[in-house]
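Report on the following structure.
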Amino acid sequence: MRRWWWPATGLLVAILTAVVLFVVRGNGELTVNGQVVPPDELRTYAAAHSLDLDTPDGHRAAVAGITRFKVVQQQAYDRGLVGYLDYAGFLRDLEKKNKQPGYGVTSYQPASYLSYLESNLSLGLRRALVAERRITPTEAQLQAFYSAHKDEYARRTDTIQLTLQGGGRIQRLRIDDANAYTYSKYRTTLFTAAQELAVGDSVPVIGDTAGGQVLVTCTARTPGGYKTLPEVRQELTERYVDQQFQRYLDALTTATRVEEK
């Protein structure tokens, strides 16, 4: 009796596992906000992102990814950035693209073209939202963002103004956060001496300066502190926009109705 029971139990487990995987993989119809996503489109998305649809994790990642892609596509469509929402339109666009002469990629496959489209639509939508001022910061928002990330803009070294006298000439140098690493690596003796000098102090340095020994004088020193908002405004604005763009998509994706039968 036991010999028959265990194989039968194993067979039952295998059948139940197959049923569970069938449901998880969603071999039926997938819809995103009522729009049908055919199996070929899901497979194309999975191939574009190296996802294995035959595993539960791979399938879930593909469904989540294509849901977000559909959100971007719908937003881009609403703004005239793309002329279709369905997979048939995508295939027509792919065929048209491959007939056009061009440089670089000579022929796209569905997966590579979807990846190309996904990137372009995301970039186009981001630009559109910036133009609409949907994701750009006010001055107060940028100031708050700067305060929240201020530690990331700490200067690693003081800004030091130096004069080097030797060999009948005077040379002026500035060591700051932007070039400190270069000086510390290639003109180590000079860099080390500069770190110790107070304003008005001088020290002879030899070994890594052109022309032999020179007298190094510190003429000014500004404590490292933090880069100011005007100094990092452009980079900080781009970071803020990137963050708000992702949050914008997150909110839309969360509100998206996804059904898999």
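Numbering starts fresh at 1 for the residues of each chain in the structure tokens, the chains themselves are lettered A, B, ... in the order given, and ligands are numbered from 1 as they appear.
Counting only C-alpha atoms, Leu81 of chain A has the following residues at most 10 Å away, ignoring those fewer than 4 positions along the same chain: Gln73, Gln74, Gln75, Ala76, Tyr77, Asn120, Leu121, Gly124, Leu125 and Ala128 of chain A.
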### Task
Enumerate as a PyMOL selection string all residues of segment 40-252 of chain A assigned to alpha helix (DSSP H) by DSSP on the backbone, naming them with the chain letters and numbers the document uses.
chain A and resi 40-48+56-78+87-99+110-131+139-148+180-186+188-196+229-252
### Task
Find the spatial neighbours of Asp86 of chain A, counting only C-alpha atoms, within a cut-off of 10 Å - ignore same-chain residues fewer than 5 positions away - and output them as a PyMOL selection string.
chain A and resi 35-38+41+70+73+91
#### Entry: Residues flagged strand (DSSP E or B) by DSSP in segment 71-239 of chain A, as a ChimeraX atom specification
/A:154,159-166,169-175,202-205,214-222,226
### Query
So which residues touch Leu51 of chain A within 7 Å, counting only C-alpha atoms, skipping near sequence neighbours fewer than 5 positions away, as a PyMOL selection string?
chain A and resi 46+58+62
